[in-house]
file input.csv (CSV, C-alpha atoms)
chain,number,residue,atom,x,y,z
Q,1,MET,CA,121.7,129.9,37.0
Q,2,LYS,CA,119.3,132.5,35.7
Q,3,LEU,CA,121.3,132.8,32.5
Q,4,VAL,CA,121.5,129.1,31.8
Q,5,LYS,CA,118.1,129.0,30.2
Q,6,TYR,CA,119.3,131.5,27.5
Q,7,LEU,CA,122.2,129.2,26.8
Q,8,LEU,CA,119.8,126.3,26.3
Q,9,VAL,CA,117.5,128.3,24.0
Q,10,GLY,CA,120.5,129.4,22.0
Q,11,ILE,CA,121.6,125.8,21.6
Q,12,ILE,CA,118.1,124.9,20.3
Q,13,PHE,CA,118.3,127.8,17.8
Q,14,GLY,CA,121.8,126.8,16.8
Q,15,ILE,CA,121.0,123.2,16.2
Q,16,THR,CA,117.8,124.1,14.3
Q,17,LEU,CA,119.4,126.5,11.9
Q,18,SER,CA,122.2,124.0,11.3
Q,19,LYS,CA,119.9,121.0,10.8
Q,20,ALA,CA,117.6,122.9,8.4
Q,21,GLU,CA,120.7,124.1,6.4
Q,22,VAL,CA,119.8,127.8,7.0
Q,23,ILE,CA,123.6,128.3,7.8
Q,24,SER,CA,124.4,127.2,4.2
Q,25,TRP,CA,125.6,129.9,1.8
Q,26,PHE,CA,124.1,127.8,-1.0
Q,27,ARG,CA,120.6,127.9,0.5
Q,28,ILE,CA,120.8,131.7,0.7
Q,29,TYR,CA,122.0,131.9,-2.9
Q,30,GLU,CA,119.1,129.6,-4.0
Q,31,MET,CA,116.6,131.7,-2.0
Q,32,PHE,CA,117.5,134.9,-3.7
Q,33,LYS,CA,117.4,133.2,-7.0
Q,34,PHE,CA,113.9,131.9,-6.1
Q,35,GLN,CA,115.0,128.4,-7.1
Q,36,SER,CA,113.7,126.7,-3.9
Q,37,PHE,CA,110.9,127.0,-1.5
Q,38,HIS,CA,113.0,125.7,1.5
Q,39,MET,CA,114.1,129.0,3.0
Q,40,PHE,CA,110.7,130.7,2.4
Q,41,GLY,CA,109.0,127.7,4.0
Q,42,VAL,CA,111.2,128.0,7.1
Q,43,ILE,CA,110.6,131.8,7.5
Q,44,LEU,CA,106.9,131.7,6.7
Q,45,THR,CA,106.2,128.8,9.1
Q,46,ALA,CA,108.0,130.7,11.9
Q,47,ILE,CA,105.9,133.8,11.1
Q,48,ALA,CA,102.6,131.9,10.8
Q,49,ILE,CA,103.1,130.3,14.3
Q,50,GLY,CA,104.4,133.6,15.6
Q,51,ILE,CA,101.3,135.4,14.6
Q,52,GLY,CA,99.2,133.0,16.6
Q,53,VAL,CA,101.5,133.2,19.6
Q,54,MET,CA,101.4,137.1,19.5
Q,55,ARG,CA,97.6,136.9,19.6
Q,56,LEU,CA,97.7,134.8,22.7
Q,57,PHE,CA,100.1,137.3,24.3
Q,58,LYS,CA,97.9,140.2,23.5
Q,59,LYS,CA,94.8,138.6,24.8
Q,60,GLY,CA,96.7,137.7,28.0
Q,61,ILE,CA,96.1,134.0,27.6
Q,62,ILE,CA,99.8,133.4,27.8
Q,63,LYS,CA,101.7,135.5,30.4
Q,64,ASP,CA,105.4,135.5,31.0
Q,65,MET,CA,107.1,133.4,33.7
Q,66,ASN,CA,106.5,136.1,36.3
Q,67,GLY,CA,102.8,136.3,35.5
Q,68,ASN,CA,103.1,139.6,33.7
Q,69,LEU,CA,101.3,140.5,30.5
Q,70,ILE,CA,103.7,140.1,27.6
Q,71,GLU,CA,104.0,143.3,25.6
Q,72,VAL,CA,105.7,143.1,22.3
Q,73,ALA,CA,107.6,146.4,22.0
Q,74,PRO,CA,107.0,148.0,18.6
Q,75,LYS,CA,110.0,148.4,16.3
Q,76,SER,CA,111.4,151.9,16.1
Q,77,LYS,CA,109.7,154.0,13.4
Q,78,GLY,CA,111.4,155.4,10.3
Q,79,ASN,CA,110.8,154.4,6.7
Q,80,TYR,CA,114.2,155.5,5.5
Q,81,ARG,CA,116.1,153.5,8.0
Q,82,ALA,CA,114.0,150.4,7.3
Q,83,ILE,CA,114.4,150.5,3.6
Q,84,LEU,CA,118.0,151.7,3.3
Q,85,GLY,CA,119.2,149.6,6.2
Q,86,GLY,CA,117.3,146.7,4.8
Q,87,ILE,CA,118.9,147.0,1.4
Q,88,PHE,CA,122.4,147.2,2.8
Q,89,PHE,CA,121.7,144.2,5.1
Q,90,GLY,CA,120.3,142.2,2.2
Q,91,MET,CA,123.4,142.9,0.1
Q,92,GLY,CA,125.6,141.7,2.8
Q,93,TRP,CA,123.4,138.6,3.5
Q,94,ALA,CA,123.7,137.7,-0.2
Q,95,ILE,CA,127.5,138.1,-0.2
Q,96,VAL,CA,128.4,136.1,2.9
Q,97,GLY,CA,125.4,133.9,2.8
Q,98,ALA,CA,124.8,134.3,6.5
Q,99,CYS,CA,122.8,136.7,8.7
Q,100,PRO,CA,124.1,137.4,12.2
Q,101,GLY,CA,122.6,134.2,13.9
Q,102,PRO,CA,124.2,131.8,11.4
Q,103,MET,CA,127.5,133.7,11.7
Q,104,TYR,CA,127.9,132.6,15.3
Q,105,ILE,CA,126.6,129.1,14.5
Q,106,LEU,CA,129.2,128.7,11.8
Q,107,LEU,CA,131.9,129.8,14.3
Q,108,GLY,CA,130.8,126.9,16.5
Q,109,LYS,CA,131.0,124.6,13.5
Q,110,GLY,CA,134.7,125.6,13.2
Q,111,VAL,CA,134.6,127.8,10.1
Q,112,VAL,CA,137.6,130.0,10.7
Q,113,ALA,CA,136.8,132.3,7.8
Q,114,ILE,CA,133.7,133.5,9.6
Q,115,LEU,CA,135.9,135.4,12.0
Q,116,ILE,CA,136.7,137.8,9.1
Q,117,VAL,CA,132.9,138.1,8.4
Q,118,LEU,CA,132.3,138.8,12.1
Q,119,LEU,CA,135.1,141.4,12.2
Q,120,GLY,CA,133.4,143.1,9.3
Q,121,ALA,CA,130.0,142.9,11.0
Q,122,HIS,CA,131.3,144.6,14.1
Q,123,LEU,CA,133.0,147.3,12.1
Q,124,GLY,CA,129.7,147.9,10.3
Q,125,ALA,CA,127.8,148.2,13.6
Q,126,LEU,CA,130.5,150.5,14.9
Q,127,PHE,CA,130.3,152.6,11.7
Q,128,TYR,CA,126.6,152.9,12.1
Q,129,GLY,CA,126.8,154.0,15.7
Q,130,MET,CA,129.4,156.7,14.9
Q,131,ASN,CA,127.5,158.1,12.0
Q,132,LYS,CA,123.9,157.6,13.1
Q,133,HIS,CA,123.2,161.4,13.3
Q,134,ARG,CA,124.4,161.8,9.6
Q,135,LEU,CA,122.1,159.2,8.2
Q,136,PRO,CA,118.4,159.6,7.2
Q,137,HIS,CA,116.0,157.7,9.5
O,1,MET,CA,117.4,109.4,16.5
O,2,ASP,CA,117.2,108.9,12.8
O,3,PHE,CA,115.0,111.9,12.5
O,4,ILE,CA,117.6,114.1,14.2
O,5,LEU,CA,120.4,113.0,11.9
O,6,GLN,CA,118.4,113.6,8.7
O,7,PRO,CA,118.2,117.2,7.3
O,8,TRP,CA,115.2,118.9,8.9
O,9,SER,CA,112.4,120.0,6.7
O,10,TRP,CA,111.3,123.6,6.5
O,11,TYR,CA,108.2,123.1,8.7
O,12,VAL,CA,110.2,121.5,11.5
O,13,ALA,CA,112.7,124.3,11.4
O,14,GLY,CA,109.9,126.9,11.3
O,15,PHE,CA,108.3,125.3,14.4
O,16,PHE,CA,111.5,125.4,16.4
O,17,ILE,CA,112.3,129.0,15.4
O,18,ALA,CA,108.8,130.0,16.6
O,19,LEU,CA,109.4,128.0,19.8
O,20,VAL,CA,112.6,129.9,20.5
O,21,THR,CA,110.8,133.2,19.8
O,22,PHE,CA,108.1,132.2,22.2
O,23,LEU,CA,110.5,131.0,25.0
O,24,LEU,CA,112.4,134.3,24.9
O,25,PHE,CA,109.1,136.3,25.2
O,26,TYR,CA,108.1,134.0,28.1
O,27,PHE,CA,111.4,134.8,29.8
O,28,GLY,CA,110.6,138.5,29.4
O,29,LYS,CA,113.0,139.1,26.5
O,30,HIS,CA,112.8,139.1,22.7
O,31,LEU,CA,114.7,137.4,19.9
O,32,GLY,CA,117.1,139.7,18.1
O,33,VAL,CA,120.7,138.6,17.3
O,34,SER,CA,122.3,141.7,15.7
O,35,SER,CA,122.0,143.9,18.8
O,36,ASN,CA,124.9,141.8,20.2
O,37,LEU,CA,127.2,143.4,17.6
O,38,GLU,CA,126.6,146.8,19.4
O,39,THR,CA,127.1,145.2,22.8
O,40,VAL,CA,130.5,143.8,21.8
O,41,CYS,CA,131.5,147.2,20.2
O,42,SER,CA,130.6,148.9,23.5
O,43,LEU,CA,132.6,146.4,25.6
O,44,MET,CA,135.6,146.7,23.3
O,45,GLY,CA,135.8,150.5,24.0
O,46,ALA,CA,133.4,152.1,21.5
O,47,ARG,CA,131.6,153.6,24.6
O,48,LYS,CA,134.6,155.9,25.0
O,49,ILE,CA,134.4,157.4,21.5
O,50,SER,CA,130.6,157.5,20.8
O,51,ASP,CA,127.6,158.2,23.0
O,52,TYR,CA,125.6,155.7,20.9
O,53,PHE,CA,127.5,152.9,22.6
O,54,LYS,CA,127.0,154.3,26.2
O,55,PHE,CA,124.3,151.9,27.3
O,56,ASP,CA,124.1,149.5,30.2
O,57,TRP,CA,125.6,146.4,28.7
O,58,LYS,CA,124.6,144.3,31.7
O,59,SER,CA,121.0,144.4,30.5
O,60,LYS,CA,122.2,142.6,27.4
O,61,LYS,CA,124.1,139.9,29.1
O,62,TRP,CA,121.3,137.4,28.5
O,63,ASN,CA,121.6,138.0,24.8
O,64,MET,CA,125.4,137.4,24.8
O,65,VAL,CA,124.7,134.1,26.7
O,66,PHE,CA,122.1,133.3,23.9
O,67,VAL,CA,124.8,133.9,21.3
O,68,LEU,CA,127.2,131.6,23.2
O,69,GLY,CA,124.4,129.0,22.9
O,70,LEU,CA,124.4,129.5,19.1
O,71,ILE,CA,128.1,128.8,19.0
O,72,VAL,CA,127.6,125.7,21.2
O,73,GLY,CA,124.6,124.6,19.1
O,74,GLY,CA,126.7,124.9,15.9
O,75,PHE,CA,129.4,122.8,17.5
O,76,ILE,CA,127.0,120.1,18.7
O,77,SER,CA,125.3,119.9,15.4
O,78,SER,CA,128.4,119.6,13.3
O,79,GLN,CA,130.1,117.2,15.7
O,80,TRP,CA,127.4,114.7,16.4
O,81,LEU,CA,124.2,115.5,14.5
O,82,THR,CA,125.3,116.0,10.9
O,83,PRO,CA,126.7,112.8,9.4
O,84,SER,CA,126.5,114.3,5.9
O,85,GLU,CA,126.3,117.9,4.6
O,86,LYS,CA,124.9,116.8,1.2
O,87,MET,CA,122.0,119.0,0.4
O,88,ASN,CA,119.0,118.7,-1.9
O,89,LEU,CA,119.6,121.9,-3.8
O,90,ASN,CA,117.7,122.7,-7.0
O,91,PRO,CA,119.8,121.0,-9.8
O,92,LYS,CA,119.4,124.3,-11.7
O,93,THR,CA,121.2,126.2,-8.9
O,94,VAL,CA,124.0,123.5,-8.9
O,95,GLU,CA,124.4,123.8,-12.7
O,96,GLU,CA,124.4,127.5,-12.7
O,97,LEU,CA,127.1,127.7,-10.0
O,98,LYS,CA,129.2,125.1,-11.8
O,99,ALA,CA,129.2,127.4,-14.9
O,100,TYR,CA,130.6,130.1,-12.6
O,101,GLY,CA,133.3,127.8,-11.4
O,102,ILE,CA,131.8,126.7,-8.1
O,103,THR,CA,131.9,123.0,-8.4
O,104,ASP,CA,131.0,121.9,-4.8
O,105,ALA,CA,127.4,123.2,-4.6
O,106,GLY,CA,125.3,120.9,-2.5
O,107,GLU,CA,128.3,118.7,-1.4
O,108,LYS,CA,128.8,120.8,1.8
O,109,PHE,CA,127.1,123.7,3.5
O,110,LEU,CA,129.7,126.3,2.3
O,111,PRO,CA,131.6,126.9,-1.0
O,112,GLU,CA,135.3,126.2,-0.6
O,113,ALA,CA,136.1,129.2,-2.8
O,114,LEU,CA,134.9,131.5,-0.1
O,115,PHE,CA,135.4,129.6,3.2
O,116,ALA,CA,138.2,127.1,2.8
O,117,VAL,CA,141.1,127.6,5.3
O,118,GLU,CA,143.6,127.5,2.4
O,119,ASN,CA,142.0,130.6,1.0
O,120,LEU,CA,142.2,132.6,4.3
O,121,PHE,CA,145.3,134.3,3.1
O,122,ASP,CA,143.9,135.3,-0.3
O,123,VAL,CA,143.4,139.1,-0.3
O,124,LYS,CA,140.5,138.8,-2.7
O,125,VAL,CA,138.6,136.3,-0.4
O,126,ILE,CA,139.3,138.5,2.7
O,127,LEU,CA,138.0,141.5,0.9
O,128,VAL,CA,134.7,139.8,-0.1
O,129,LEU,CA,134.2,138.4,3.4
O,130,ILE,CA,134.9,141.6,5.2
O,131,VAL,CA,132.8,143.8,2.9
O,132,GLY,CA,129.9,141.4,3.1
O,133,GLY,CA,130.2,141.2,6.9
O,134,PHE,CA,130.4,145.0,7.1
O,135,LEU,CA,127.2,145.4,5.1
O,136,VAL,CA,125.4,142.9,7.3
O,137,GLY,CA,126.4,144.7,10.5
O,138,PHE,CA,125.9,148.2,9.2
O,139,GLY,CA,122.6,147.3,7.5
O,140,ALA,CA,121.2,145.4,10.5
O,141,ARG,CA,121.8,148.2,12.9
O,142,TYR,CA,120.7,150.9,10.5
O,143,ALA,CA,117.5,149.0,9.8
O,144,GLY,CA,117.1,148.3,13.6
O,145,GLY,CA,117.1,144.5,13.3
O,146,CYS,CA,118.1,141.5,11.2
O,147,THR,CA,116.3,138.4,10.0
O,148,SER,CA,115.3,137.4,13.6
O,149,GLY,CA,114.2,140.8,15.0
O,150,HIS,CA,112.5,142.2,11.8
O,151,GLY,CA,112.0,139.0,9.8
O,152,ILE,CA,110.5,136.8,12.5
O,153,VAL,CA,109.4,138.9,15.5
O,154,GLY,CA,108.4,142.1,13.7
O,155,MET,CA,106.6,140.3,10.9
O,156,SER,CA,104.7,138.1,13.4
O,157,ASN,CA,103.6,141.3,15.1
O,158,PHE,CA,102.5,143.0,11.8
O,159,GLU,CA,105.1,145.8,12.2
O,160,ILE,CA,105.2,148.1,9.2
O,161,PRO,CA,108.9,149.0,9.6
O,162,SER,CA,109.7,145.3,9.7
O,163,LEU,CA,107.7,144.7,6.5
O,164,ILE,CA,109.6,147.5,4.8
O,165,ALA,CA,112.9,146.2,6.1
O,166,VAL,CA,112.2,142.7,4.8
O,167,ILE,CA,111.4,144.1,1.4
O,168,GLY,CA,114.7,145.9,1.6
O,169,PHE,CA,116.5,142.6,2.5
O,170,PHE,CA,115.2,141.2,-0.7
O,171,ILE,CA,115.9,144.2,-2.9
O,172,GLY,CA,119.5,144.2,-1.7
O,173,GLY,CA,119.8,140.4,-1.9
O,174,ILE,CA,118.3,140.0,-5.3
O,175,PHE,CA,120.5,142.8,-6.6
O,176,ILE,CA,123.7,141.2,-5.4
O,177,THR,CA,122.8,137.6,-6.3
O,178,TRP,CA,121.4,138.3,-9.8
O,179,LEU,CA,123.6,141.2,-10.9
O,180,VAL,CA,126.8,141.3,-8.8
O,181,TRP,CA,127.7,137.7,-8.0
O,182,PRO,CA,128.6,136.9,-11.6
O,183,TYR,CA,131.3,139.6,-11.3
O,184,ILE,CA,132.4,138.5,-7.8
O,185,PHE,CA,132.8,134.9,-9.1
O,186,LYS,CA,135.0,136.2,-11.9
O,187,PHE,CA,137.0,138.4,-9.4
O,188,LEU,CA,137.5,135.4,-7.1
O,189,LEU,CA,138.1,132.6,-9.6
O,190,GLY,CA,139.1,134.3,-12.8
call {"tool": "encode", "arguments": {"input": "input.csv", "output": "structure tokens"}}
result
Amino acid sequence: MKLVKYLLVGIIFGITLSKAEVISWFRIYEMFKFQSFHMFGVILTAIAIGIGVMRLFKKGIIKDMNGNLIEVAPKSKGNYRAILGGIFFGMGWAIVGACPGPMYILLGKGVVAILIVLLGAHLGALFYGMNKHRLPH
Amino acid sequence: MDFILQPWSWYVAGFFIALVTFLLFYFGKHLGVSSNLETVCSLMGARKISDYFKFDWKSKKWNMVFVLGLIVGGFISSQWLTPSEKMNLNPKTVEELKAYGITDAGEKFLPEALFAVENLFDVKVILVLIVGGFLVGFGARYAGGCTSGHGIVGMSNFEIPSLIAVIGFFIGGIFITWLVWPYIFKFLLG
């Protein structure tokens, strides 16, 4: 029962990204060509509201469901990993037109070809885990 | 009901994404999809060959349930909430893609050339999909997050690594879209 709420939140996320066409390969192509504001609007709106919410967390005005202060864990440091990993990720995103969230959503939509993409994504994560110590971070 | 069946505008989508981000924090977790790739690797046996994958997967169970929700959400949306996939793409984008041989831009969410079931046995298509997927998985874990973890959560929290990662996303994406896709189109359709 404790896990059901995550299922529901996932469903909201899945429907949202579907209905706003974020799962569309064409929307990603258009975004990287700067030919539409749509994707930028989606991301910037989420960030703008997010900034406000983070402030309420930090000031302790909103606490979590157990009444604890919500601390947003800082992302792990490292400029090389951020820029190099980011570039590789962006290249993949532009090829398959889907970041990890939309991959799963497209699977639910019944797109069989996405299984190949997901296989590749898991192999990529596996490759990173096995070679982490050899990469600059 | 009509509102739900129409395509959602960017501000509605942005609001719901922020709501999901908020709810996960409220539950004591945080939004981040790509870490599930590692959890699955670990469960499939990677924990036996690499220390990196020796973590307590049970602590990530909530995130796997979240991903299950994504799959269900995609199903619900395509079955009952999307009467038409016609999109309002920039006519310039549509023209441009037509010139490359992609004739279905804006008719459906995905180009047939890359995602049609008939093309699943085409070695060229498989190659493009698997290489793209590999780069997404490798890049996301190397960078320490994807569009959700870095792009939304990290950026909302003014994280410098996230800003750098997002700049990286766009360097990589612009490079592929502007300079490499013309050749991939030729490779696939030529």
call {"tool": "closest_atom_pairs", "arguments": {"input": "input.csv", "of": "chain Q", "to": "chain O", "cutoff": "6 Å", "atoms": "only C-alpha atoms", "output": "JSON lines"}}
result
{"residue": "Q:Tyr6", "atom": "CA", "partner": "O:Phe66", "partner_atom": "CA", "distance": 4.9}
{"residue": "Q:Leu7", "atom": "CA", "partner": "O:Gly69", "partner_atom": "CA", "distance": 4.5}
{"residue": "Q:Gly10", "atom": "CA", "partner": "O:Gly69", "partner_atom": "CA", "distance": 4.0}
{"residue": "Q:Ile11", "atom": "CA", "partner": "O:Gly73", "partner_atom": "CA", "distance": 4.1}
{"residue": "Q:Gly14", "atom": "CA", "partner": "O:Gly73", "partner_atom": "CA", "distance": 4.2}
{"residue": "Q:Ile15", "atom": "CA", "partner": "O:Gly73", "partner_atom": "CA", "distance": 4.8}
{"residue": "Q:Thr16", "atom": "CA", "partner": "O:Ala13", "partner_atom": "CA", "distance": 5.9}
{"residue": "Q:Lys19", "atom": "CA", "partner": "O:Pro7", "partner_atom": "CA", "distance": 5.4}
{"residue": "Q:Ala20", "atom": "CA", "partner": "O:Trp8", "partner_atom": "CA", "distance": 4.7}
{"residue": "Q:Ser24", "atom": "CA", "partner": "O:Phe109", "partner_atom": "CA", "distance": 4.5}
{"residue": "Q:Trp25", "atom": "CA", "partner": "O:Leu110", "partner_atom": "CA", "distance": 5.5}
{"residue": "Q:Phe32", "atom": "CA", "partner": "O:Ile174", "partner_atom": "CA", "distance": 5.4}
{"residue": "Q:His38", "atom": "CA", "partner": "O:Trp10", "partner_atom": "CA", "distance": 5.7}
{"residue": "Q:Gly41", "atom": "CA", "partner": "O:Trp10", "partner_atom": "CA", "distance": 5.3}
{"residue": "Q:Val42", "atom": "CA", "partner": "O:Trp10", "partner_atom": "CA", "distance": 4.4}
{"residue": "Q:Thr45", "atom": "CA", "partner": "O:Gly14", "partner_atom": "CA", "distance": 4.7}
{"residue": "Q:Ala46", "atom": "CA", "partner": "O:Gly14", "partner_atom": "CA", "distance": 4.3}
{"residue": "Q:Ile47", "atom": "CA", "partner": "O:Ser156", "partner_atom": "CA", "distance": 5.0}
{"residue": "Q:Gly50", "atom": "CA", "partner": "O:Ser156", "partner_atom": "CA", "distance": 5.0}
{"residue": "Q:Ile51", "atom": "CA", "partner": "O:Ser156", "partner_atom": "CA", "distance": 4.5}
{"residue": "Q:Asp64", "atom": "CA", "partner": "O:Tyr26", "partner_atom": "CA", "distance": 4.2}
{"residue": "Q:Met65", "atom": "CA", "partner": "O:Tyr26", "partner_atom": "CA", "distance": 5.7}
{"residue": "Q:Arg81", "atom": "CA", "partner": "O:Ala143", "partner_atom": "CA", "distance": 5.0}
{"residue": "Q:Ala82", "atom": "CA", "partner": "O:Ala165", "partner_atom": "CA", "distance": 4.5}
{"residue": "Q:Ile83", "atom": "CA", "partner": "O:Gly168", "partner_atom": "CA", "distance": 5.0}
{"residue": "Q:Gly85", "atom": "CA", "partner": "O:Ala143", "partner_atom": "CA", "distance": 4.0}
{"residue": "Q:Gly86", "atom": "CA", "partner": "O:Gly168", "partner_atom": "CA", "distance": 4.2}
{"residue": "Q:Ile87", "atom": "CA", "partner": "O:Gly172", "partner_atom": "CA", "distance": 4.2}
{"residue": "Q:Phe88", "atom": "CA", "partner": "O:Gly139", "partner_atom": "CA", "distance": 4.7}
{"residue": "Q:Phe89", "atom": "CA", "partner": "O:Gly139", "partner_atom": "CA", "distance": 4.0}
{"residue": "Q:Gly90", "atom": "CA", "partner": "O:Phe169", "partner_atom": "CA", "distance": 3.8}
{"residue": "Q:Met91", "atom": "CA", "partner": "O:Gly172", "partner_atom": "CA", "distance": 4.5}
{"residue": "Q:Gly92", "atom": "CA", "partner": "O:Gly132", "partner_atom": "CA", "distance": 4.3}
{"residue": "Q:Ala94", "atom": "CA", "partner": "O:Gly173", "partner_atom": "CA", "distance": 5.0}
{"residue": "Q:Ile95", "atom": "CA", "partner": "O:Gly132", "partner_atom": "CA", "distance": 5.2}
{"residue": "Q:Val96", "atom": "CA", "partner": "O:Gly132", "partner_atom": "CA", "distance": 5.5}
{"residue": "Q:Pro100", "atom": "CA", "partner": "O:Ser34", "partner_atom": "CA", "distance": 5.8}
{"residue": "Q:Gly101", "atom": "CA", "partner": "O:Val33", "partner_atom": "CA", "distance": 5.9}
{"residue": "Q:Tyr104", "atom": "CA", "partner": "O:Ile71", "partner_atom": "CA", "distance": 5.3}
{"residue": "Q:Ile105", "atom": "CA", "partner": "O:Gly74", "partner_atom": "CA", "distance": 4.4}
{"residue": "Q:Gly108", "atom": "CA", "partner": "O:Ile71", "partner_atom": "CA", "distance": 4.1}
{"residue": "Q:Lys109", "atom": "CA", "partner": "O:Phe75", "partner_atom": "CA", "distance": 4.7}
{"residue": "Q:Ala113", "atom": "CA", "partner": "O:Phe115", "partner_atom": "CA", "distance": 5.5}
{"residue": "Q:Ile116", "atom": "CA", "partner": "O:Ile130", "partner_atom": "CA", "distance": 5.7}
{"residue": "Q:Val117", "atom": "CA", "partner": "O:Gly133", "partner_atom": "CA", "distance": 4.4}
{"residue": "Q:Gly120", "atom": "CA", "partner": "O:Phe134", "partner_atom": "CA", "distance": 4.2}
{"residue": "Q:Ala121", "atom": "CA", "partner": "O:Gly137", "partner_atom": "CA", "distance": 4.1}
{"residue": "Q:His122", "atom": "CA", "partner": "O:Leu37", "partner_atom": "CA", "distance": 5.5}
{"residue": "Q:Gly124", "atom": "CA", "partner": "O:Phe138", "partner_atom": "CA", "distance": 4.0}
{"residue": "Q:Ala125", "atom": "CA", "partner": "O:Phe138", "partner_atom": "CA", "distance": 4.8}
{"residue": "Q:Tyr128", "atom": "CA", "partner": "O:Phe138", "partner_atom": "CA", "distance": 5.6}
{"residue": "Q:Gly129", "atom": "CA", "partner": "O:Tyr52", "partner_atom": "CA", "distance": 5.6}
call {"tool": "atom_distance", "arguments": {"input": "input.csv", "atom1": "atom CA of Pro182 of chain O", "atom2": "atom CA of Ser36 of chain Q"}}
result
19.6 Å
call {"tool": "atom_distance", "arguments": {"input": "input.csv", "atom1": "atom CA of Phe57 of chain Q", "atom2": "atom CA of Leu69 of chain Q"}}
result
7.1 Å
call {"tool": "closest_residue", "arguments": {"input": "input.csv", "among": "Q:Ile114, Q:Glu71, Q:Phe13, Q:Met130", "to": "Gly97 of chain Q", "atoms": "only C-alpha atoms"}}
result
Q:Ile114
call {"tool": "decode", "arguments": {"input": "input.csv", "residues": "segment 89-101 of chain Q", "atoms": "N, CA, C and O atoms", "output": "PDB file, in the first residue's frame"}}
result
ATOM      1  N   PHE Q  89      24.785  12.319 -23.193  1.00  0.00           N
ATOM      2  CA  PHE Q  89      23.343  12.182 -23.000  1.00  0.00           C
ATOM      3  C   PHE Q  89      22.575  12.965 -24.071  1.00  0.00           C
ATOM      4  O   PHE Q  89      21.631  12.444 -24.678  1.00  0.00           O
ATOM      5  N   GLY Q  90      23.009  14.209 -24.305  1.00  0.00           N
ATOM      6  CA  GLY Q  90      22.328  15.046 -25.291  1.00  0.00           C
ATOM      7  C   GLY Q  90      22.361  14.438 -26.684  1.00  0.00           C
ATOM      8  O   GLY Q  90      21.383  14.499 -27.433  1.00  0.00           O
ATOM      9  N   MET Q  91      23.507  13.800 -27.025  1.00  0.00           N
ATOM     10  CA  MET Q  91      23.627  13.146 -28.332  1.00  0.00           C
ATOM     11  C   MET Q  91      22.594  12.023 -28.454  1.00  0.00           C
ATOM     12  O   MET Q  91      21.893  11.907 -29.463  1.00  0.00           O
ATOM     13  N   GLY Q  92      22.505  11.214 -27.399  1.00  0.00           N
ATOM     14  CA  GLY Q  92      21.542  10.118 -27.416  1.00  0.00           C
ATOM     15  C   GLY Q  92      20.110  10.615 -27.468  1.00  0.00           C
ATOM     16  O   GLY Q  92      19.274  10.096 -28.216  1.00  0.00           O
ATOM     17  N   TRP Q  93      19.846  11.651 -26.688  1.00  0.00           N
ATOM     18  CA  TRP Q  93      18.498  12.247 -26.624  1.00  0.00           C
ATOM     19  C   TRP Q  93      18.075  12.710 -28.014  1.00  0.00           C
ATOM     20  O   TRP Q  93      16.936  12.499 -28.455  1.00  0.00           O
ATOM     21  N   ALA Q  94      19.017  13.337 -28.746  1.00  0.00           N
ATOM     22  CA  ALA Q  94      18.697  13.853 -30.079  1.00  0.00           C
ATOM     23  C   ALA Q  94      18.528  12.728 -31.093  1.00  0.00           C
ATOM     24  O   ALA Q  94      17.806  12.877 -32.075  1.00  0.00           O
ATOM     25  N   ILE Q  95      19.175  11.588 -30.860  1.00  0.00           N
ATOM     26  CA  ILE Q  95      19.026  10.478 -31.814  1.00  0.00           C
ATOM     27  C   ILE Q  95      17.686   9.768 -31.612  1.00  0.00           C
ATOM     28  O   ILE Q  95      16.889   9.648 -32.540  1.00  0.00           O
ATOM     29  N   VAL Q  96      17.420   9.310 -30.387  1.00  0.00           N
ATOM     30  CA  VAL Q  96      16.190   8.524 -30.180  1.00  0.00           C
ATOM     31  C   VAL Q  96      14.988   9.405 -29.871  1.00  0.00           C
ATOM     32  O   VAL Q  96      13.853   8.937 -29.846  1.00  0.00           O
ATOM     33  N   GLY Q  97      15.225  10.700 -29.601  1.00  0.00           N
ATOM     34  CA  GLY Q  97      14.111  11.617 -29.355  1.00  0.00           C
ATOM     35  C   GLY Q  97      13.379  11.335 -28.062  1.00  0.00           C
ATOM     36  O   GLY Q  97      12.232  11.741 -27.889  1.00  0.00           O
ATOM     37  N   ALA Q  98      14.033  10.644 -27.152  1.00  0.00           N
ATOM     38  CA  ALA Q  98      13.391  10.339 -25.874  1.00  0.00           C
ATOM     39  C   ALA Q  98      14.445  10.261 -24.783  1.00  0.00           C
ATOM     40  O   ALA Q  98      15.492   9.650 -24.967  1.00  0.00           O
ATOM     41  N   CYS Q  99      14.174  10.918 -23.662  1.00  0.00           N
ATOM     42  CA  CYS Q  99      15.032  10.749 -22.498  1.00  0.00           C
ATOM     43  C   CYS Q  99      14.430   9.585 -21.682  1.00  0.00           C
ATOM     44  O   CYS Q  99      13.407   9.028 -22.072  1.00  0.00           O
ATOM     45  N   PRO Q 100      15.053   9.179 -20.570  1.00  0.00           N
ATOM     46  CA  PRO Q 100      14.585   7.953 -19.911  1.00  0.00           C
ATOM     47  C   PRO Q 100      13.095   7.912 -19.557  1.00  0.00           C
ATOM     48  O   PRO Q 100      12.436   6.893 -19.820  1.00  0.00           O
ATOM     49  N   GLY Q 101      12.523   8.967 -19.003  1.00  0.00           N
ATOM     50  CA  GLY Q 101      11.098   8.954 -18.654  1.00  0.00           C
ATOM     51  C   GLY Q 101      10.226   8.587 -19.849  1.00  0.00           C
ATOM     52  O   GLY Q 101       9.498   7.589 -19.825  1.00  0.00           O
TER      53      GLY Q 101
END
